[in-house]
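Below is one structure, written out as structure tokens; the observations come after it.
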Amino acid sequence: GKTYGSDLEWLAKPRLPLKDRTIVIVEDILDSGVTLAAIKEYCEKQQAKQVLSAALISRDCPREAGGIEQADFTGLT
């Protein structure tokens, strides 16, 4: 019943080590950018070689503080 999310709750974290891997995070709808930023930060802390992001849809709206402004790859805006 909410129109926006709350704190990030991991249902399952990656089982394989991310160290020295290229990671692509796929977001269905880029809205506030906060979730994507948190997942990217997690991957970087796990020493991923490169972290890229893809959004199927990017909403044309202001991002929240600390959120990612835009994905590396976007399907529709």
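Just remember, in the structure tokens the first chain shown is A, the second B, etc., residues are 1-based per chain, and ligands are 1-based in the order shown.
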Near Ser53 in chain A, within 10 Å and counting only C-alpha atoms, which residues show up once chain neighbours fewer than 3 positions away are dropped, as a PDB file with N, CA and C atoms, in the first residue's frame?
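The result, written out as selection-v2.pdb:
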ATOM      1  N   ILE A  23      30.270  -6.190 -12.332  1.00  0.00           N
ATOM      2  CA  ILE A  23      28.897  -6.400 -11.877  1.00  0.00           C
ATOM      3  C   ILE A  23      27.973  -5.454 -12.639  1.00  0.00           C
ATOM      4  N   VAL A  24      26.849  -5.982 -13.113  1.00  0.00           N
ATOM      5  CA  VAL A  24      25.815  -5.159 -13.729  1.00  0.00           C
ATOM      6  C   VAL A  24      24.562  -5.292 -12.872  1.00  0.00           C
ATOM      7  N   ILE A  25      24.123  -4.178 -12.314  1.00  0.00           N
ATOM      8  CA  ILE A  25      22.916  -4.140 -11.496  1.00  0.00           C
ATOM      9  C   ILE A  25      21.772  -3.697 -12.398  1.00  0.00           C
ATOM     10  N   VAL A  26      20.689  -4.463 -12.422  1.00  0.00           N
ATOM     11  CA  VAL A  26      19.541  -4.128 -13.262  1.00  0.00           C
ATOM     12  C   VAL A  26      18.398  -3.674 -12.361  1.00  0.00           C
ATOM     13  N   GLU A  27      17.944  -2.462 -12.592  1.00  0.00           N
ATOM     14  CA  GLU A  27      16.853  -1.849 -11.832  1.00  0.00           C
ATOM     15  C   GLU A  27      15.638  -1.763 -12.746  1.00  0.00           C
ATOM     16  N   LEU A  36      19.600   1.781  -5.746  1.00  0.00           N
ATOM     17  CA  LEU A  36      20.701   1.515  -6.663  1.00  0.00           C
ATOM     18  C   LEU A  36      22.028   1.960  -6.057  1.00  0.00           C
ATOM     19  N   ALA A  37      22.041   3.098  -5.402  1.00  0.00           N
ATOM     20  CA  ALA A  37      23.265   3.599  -4.748  1.00  0.00           C
ATOM     21  C   ALA A  37      23.724   2.644  -3.648  1.00  0.00           C
ATOM     22  N   ILE A  39      23.104  -0.623  -3.350  1.00  0.00           N
ATOM     23  CA  ILE A  39      23.590  -1.879  -3.916  1.00  0.00           C
ATOM     24  C   ILE A  39      24.961  -1.668  -4.556  1.00  0.00           C
ATOM     25  N   LYS A  40      25.138  -0.551  -5.242  1.00  0.00           N
ATOM     26  CA  LYS A  40      26.435  -0.247  -5.850  1.00  0.00           C
ATOM     27  C   LYS A  40      27.512  -0.134  -4.767  1.00  0.00           C
ATOM     28  N   ILE A  68      21.585   7.728  -6.931  1.00  0.00           N
ATOM     29  CA  ILE A  68      22.279   7.806  -8.213  1.00  0.00           C
ATOM     30  C   ILE A  68      21.441   8.627  -9.179  1.00  0.00           C
ATOM     31  N   GLN A  70      21.704   8.915 -12.571  1.00  0.00           N
ATOM     32  CA  GLN A  70      21.295   8.188 -13.762  1.00  0.00           C
ATOM     33  C   GLN A  70      22.057   6.877 -13.841  1.00  0.00           C
ATOM     34  N   ALA A  71      21.433   5.908 -14.491  1.00  0.00           N
ATOM     35  CA  ALA A  71      22.069   4.606 -14.689  1.00  0.00           C
ATOM     36  C   ALA A  71      23.054   4.702 -15.845  1.00  0.00           C
ATOM     37  N   ASP A  72      23.961   3.751 -15.889  1.00  0.00           N
ATOM     38  CA  ASP A  72      24.903   3.715 -17.000  1.00  0.00           C
ATOM     39  C   ASP A  72      24.196   3.384 -18.308  1.00  0.00           C
ATOM     40  N   PHE A  73      23.129   2.590 -18.225  1.00  0.00           N
ATOM     41  CA  PHE A  73      22.333   2.217 -19.387  1.00  0.00           C
ATOM     42  C   PHE A  73      20.859   2.385 -19.029  1.00  0.00           C
ATOM     43  N   THR A  74      20.079   2.988 -19.912  1.00  0.00           N
ATOM     44  CA  THR A  74      18.655   3.227 -19.662  1.00  0.00           C
ATOM     45  C   THR A  74      17.842   2.809 -20.871  1.00  0.00           C
TER      46      THR A  74
END
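The environment of Lys13 in chain A within 12 Å, counting only C-alpha atoms and disregarding residues fewer than 4 places along the same chain, consists of A:Leu8, A:Glu9, A:Pro17, A:Leu18, A:Ile39, A:Tyr42, A:Cys43, A:Gln46.
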Keeping all heavy atoms, export the residues of the selection given above as a PDB file, in the first residue's frame.
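Result saved to again20.pdb:
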ATOM      1  N   LEU A   8      16.398  -0.500   2.735  1.00  0.00           N
ATOM      2  CA  LEU A   8      16.767  -1.622   1.898  1.00  0.00           C
ATOM      3  C   LEU A   8      16.808  -2.882   2.749  1.00  0.00           C
ATOM      4  O   LEU A   8      17.473  -2.926   3.782  1.00  0.00           O
ATOM      5  CB  LEU A   8      18.134  -1.374   1.250  1.00  0.00           C
ATOM      6  CG  LEU A   8      18.685  -2.480   0.379  1.00  0.00           C
ATOM      7  CD1 LEU A   8      17.776  -2.711  -0.822  1.00  0.00           C
ATOM      8  CD2 LEU A   8      20.078  -2.135  -0.078  1.00  0.00           C
ATOM      9  N   GLU A   9      16.086  -3.904   2.325  1.00  0.00           N
ATOM     10  CA  GLU A   9      16.071  -5.175   3.031  1.00  0.00           C
ATOM     11  C   GLU A   9      16.532  -6.252   2.058  1.00  0.00           C
ATOM     12  O   GLU A   9      15.864  -6.551   1.071  1.00  0.00           O
ATOM     13  CB  GLU A   9      14.658  -5.498   3.518  1.00  0.00           C
ATOM     14  CG  GLU A   9      14.550  -6.807   4.238  1.00  0.00           C
ATOM     15  CD  GLU A   9      13.132  -7.135   4.652  1.00  0.00           C
ATOM     16  OE1 GLU A   9      12.305  -6.217   4.761  1.00  0.00           O
ATOM     17  OE2 GLU A   9      12.856  -8.321   4.845  1.00  0.00           O
ATOM     18  N   PRO A  17      31.712 -14.656  -4.450  1.00  0.00           N
ATOM     19  CA  PRO A  17      32.488 -13.447  -4.168  1.00  0.00           C
ATOM     20  C   PRO A  17      32.417 -12.473  -5.354  1.00  0.00           C
ATOM     21  O   PRO A  17      32.414 -12.888  -6.514  1.00  0.00           O
ATOM     22  CB  PRO A  17      33.913 -13.955  -3.973  1.00  0.00           C
ATOM     23  CG  PRO A  17      33.904 -15.417  -4.175  1.00  0.00           C
ATOM     24  CD  PRO A  17      32.517 -15.859  -4.493  1.00  0.00           C
ATOM     25  N   LEU A  18      32.358 -11.193  -5.050  1.00  0.00           N
ATOM     26  CA  LEU A  18      32.291 -10.171  -6.086  1.00  0.00           C
ATOM     27  C   LEU A  18      33.661  -9.612  -6.440  1.00  0.00           C
ATOM     28  O   LEU A  18      33.802  -8.896  -7.436  1.00  0.00           O
ATOM     29  CB  LEU A  18      31.374  -9.027  -5.630  1.00  0.00           C
ATOM     30  CG  LEU A  18      29.947  -9.409  -5.242  1.00  0.00           C
ATOM     31  CD1 LEU A  18      29.160  -8.163  -4.876  1.00  0.00           C
ATOM     32  CD2 LEU A  18      29.264 -10.185  -6.329  1.00  0.00           C
ATOM     33  N   ILE A  39      23.104  -0.623  -3.350  1.00  0.00           N
ATOM     34  CA  ILE A  39      23.590  -1.879  -3.916  1.00  0.00           C
ATOM     35  C   ILE A  39      24.961  -1.668  -4.556  1.00  0.00           C
ATOM     36  O   ILE A  39      25.860  -2.495  -4.411  1.00  0.00           O
ATOM     37  CB  ILE A  39      22.578  -2.448  -4.924  1.00  0.00           C
ATOM     38  CG1 ILE A  39      21.288  -2.820  -4.190  1.00  0.00           C
ATOM     39  CG2 ILE A  39      23.159  -3.654  -5.654  1.00  0.00           C
ATOM     40  CD1 ILE A  39      20.143  -3.184  -5.093  1.00  0.00           C
ATOM     41  N   TYR A  42      27.539  -1.547  -1.837  1.00  0.00           N
ATOM     42  CA  TYR A  42      27.804  -2.891  -1.334  1.00  0.00           C
ATOM     43  C   TYR A  42      28.793  -3.613  -2.253  1.00  0.00           C
ATOM     44  O   TYR A  42      29.758  -4.223  -1.786  1.00  0.00           O
ATOM     45  CB  TYR A  42      26.499  -3.690  -1.228  1.00  0.00           C
ATOM     46  CG  TYR A  42      26.723  -5.137  -0.882  1.00  0.00           C
ATOM     47  CD1 TYR A  42      26.883  -5.537   0.444  1.00  0.00           C
ATOM     48  CD2 TYR A  42      26.800  -6.102  -1.871  1.00  0.00           C
ATOM     49  CE1 TYR A  42      27.109  -6.873   0.763  1.00  0.00           C
ATOM     50  CE2 TYR A  42      27.028  -7.436  -1.564  1.00  0.00           C
ATOM     51  CZ  TYR A  42      27.175  -7.814  -0.251  1.00  0.00           C
ATOM     52  OH  TYR A  42      27.403  -9.132   0.068  1.00  0.00           O
ATOM     53  N   CYS A  43      28.551  -3.563  -3.549  1.00  0.00           N
ATOM     54  CA  CYS A  43      29.424  -4.235  -4.518  1.00  0.00           C
ATOM     55  C   CYS A  43      30.838  -3.673  -4.470  1.00  0.00           C
ATOM     56  O   CYS A  43      31.816  -4.429  -4.544  1.00  0.00           O
ATOM     57  CB  CYS A  43      28.850  -4.106  -5.921  1.00  0.00           C
ATOM     58  SG  CYS A  43      27.291  -4.970  -6.178  1.00  0.00           S
ATOM     59  N   GLN A  46      32.722  -4.931  -1.607  1.00  0.00           N
ATOM     60  CA  GLN A  46      33.113  -6.325  -1.826  1.00  0.00           C
ATOM     61  C   GLN A  46      34.236  -6.426  -2.854  1.00  0.00           C
ATOM     62  O   GLN A  46      34.598  -7.503  -3.284  1.00  0.00           O
ATOM     63  CB  GLN A  46      31.902  -7.147  -2.286  1.00  0.00           C
ATOM     64  CG  GLN A  46      30.767  -7.183  -1.296  1.00  0.00           C
ATOM     65  CD  GLN A  46      31.183  -7.731   0.057  1.00  0.00           C
ATOM     66  OE1 GLN A  46      31.789  -8.790   0.133  1.00  0.00           O
ATOM     67  NE2 GLN A  46      30.871  -7.002   1.113  1.00  0.00           N
TER      68      GLN A  46
END
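The space separating CA of Gly67 in chain A from CA of Thr22 in chain A comes to 21.0 Å.
Secondary structure from DSSP on the backbone puts helix (DSSP H, G or I) at the following positions of chain A: Val34, Thr35, Leu36, Ala37, Ala38, Ile39, Lys40, Glu41, Tyr42, Cys43, Glu44 and Lys45 of chain A.
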Item to complete: Would you mind reading off the distance between CA of Arg63 in chain A and CA of Ile29 in chain A, one decimal, in Å?
Response: 12.4 Å
Practice prompt. Would you kindly return, as a PyMOL selection string, each protein, DNA or RNA residue with an atom no farther than 7 Å from any atom of Arg59 in chain A, considering only C-alpha atoms and excluding same-chain residues fewer than 6 positions away?
Written response: chain A and resi 30-31+77
Item to complete: Could you tell me, as a VMD selection string, which residues of chain A DSSP assigns to strand (DSSP E) when given the backbone?
Response: chain A and resid 22 to 30 50 to 58 73 to 76
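Compared by their closest atoms to Ser32 in chain A, and using only C-alpha atoms, the residues A:Leu76, A:Glu64, A:Trp10, A:Glu69 rank with A:Glu64 nearest.
Between CA of Gly75 in chain A and CA of Gly33 in chain A there is a distance of 15.6 Å.
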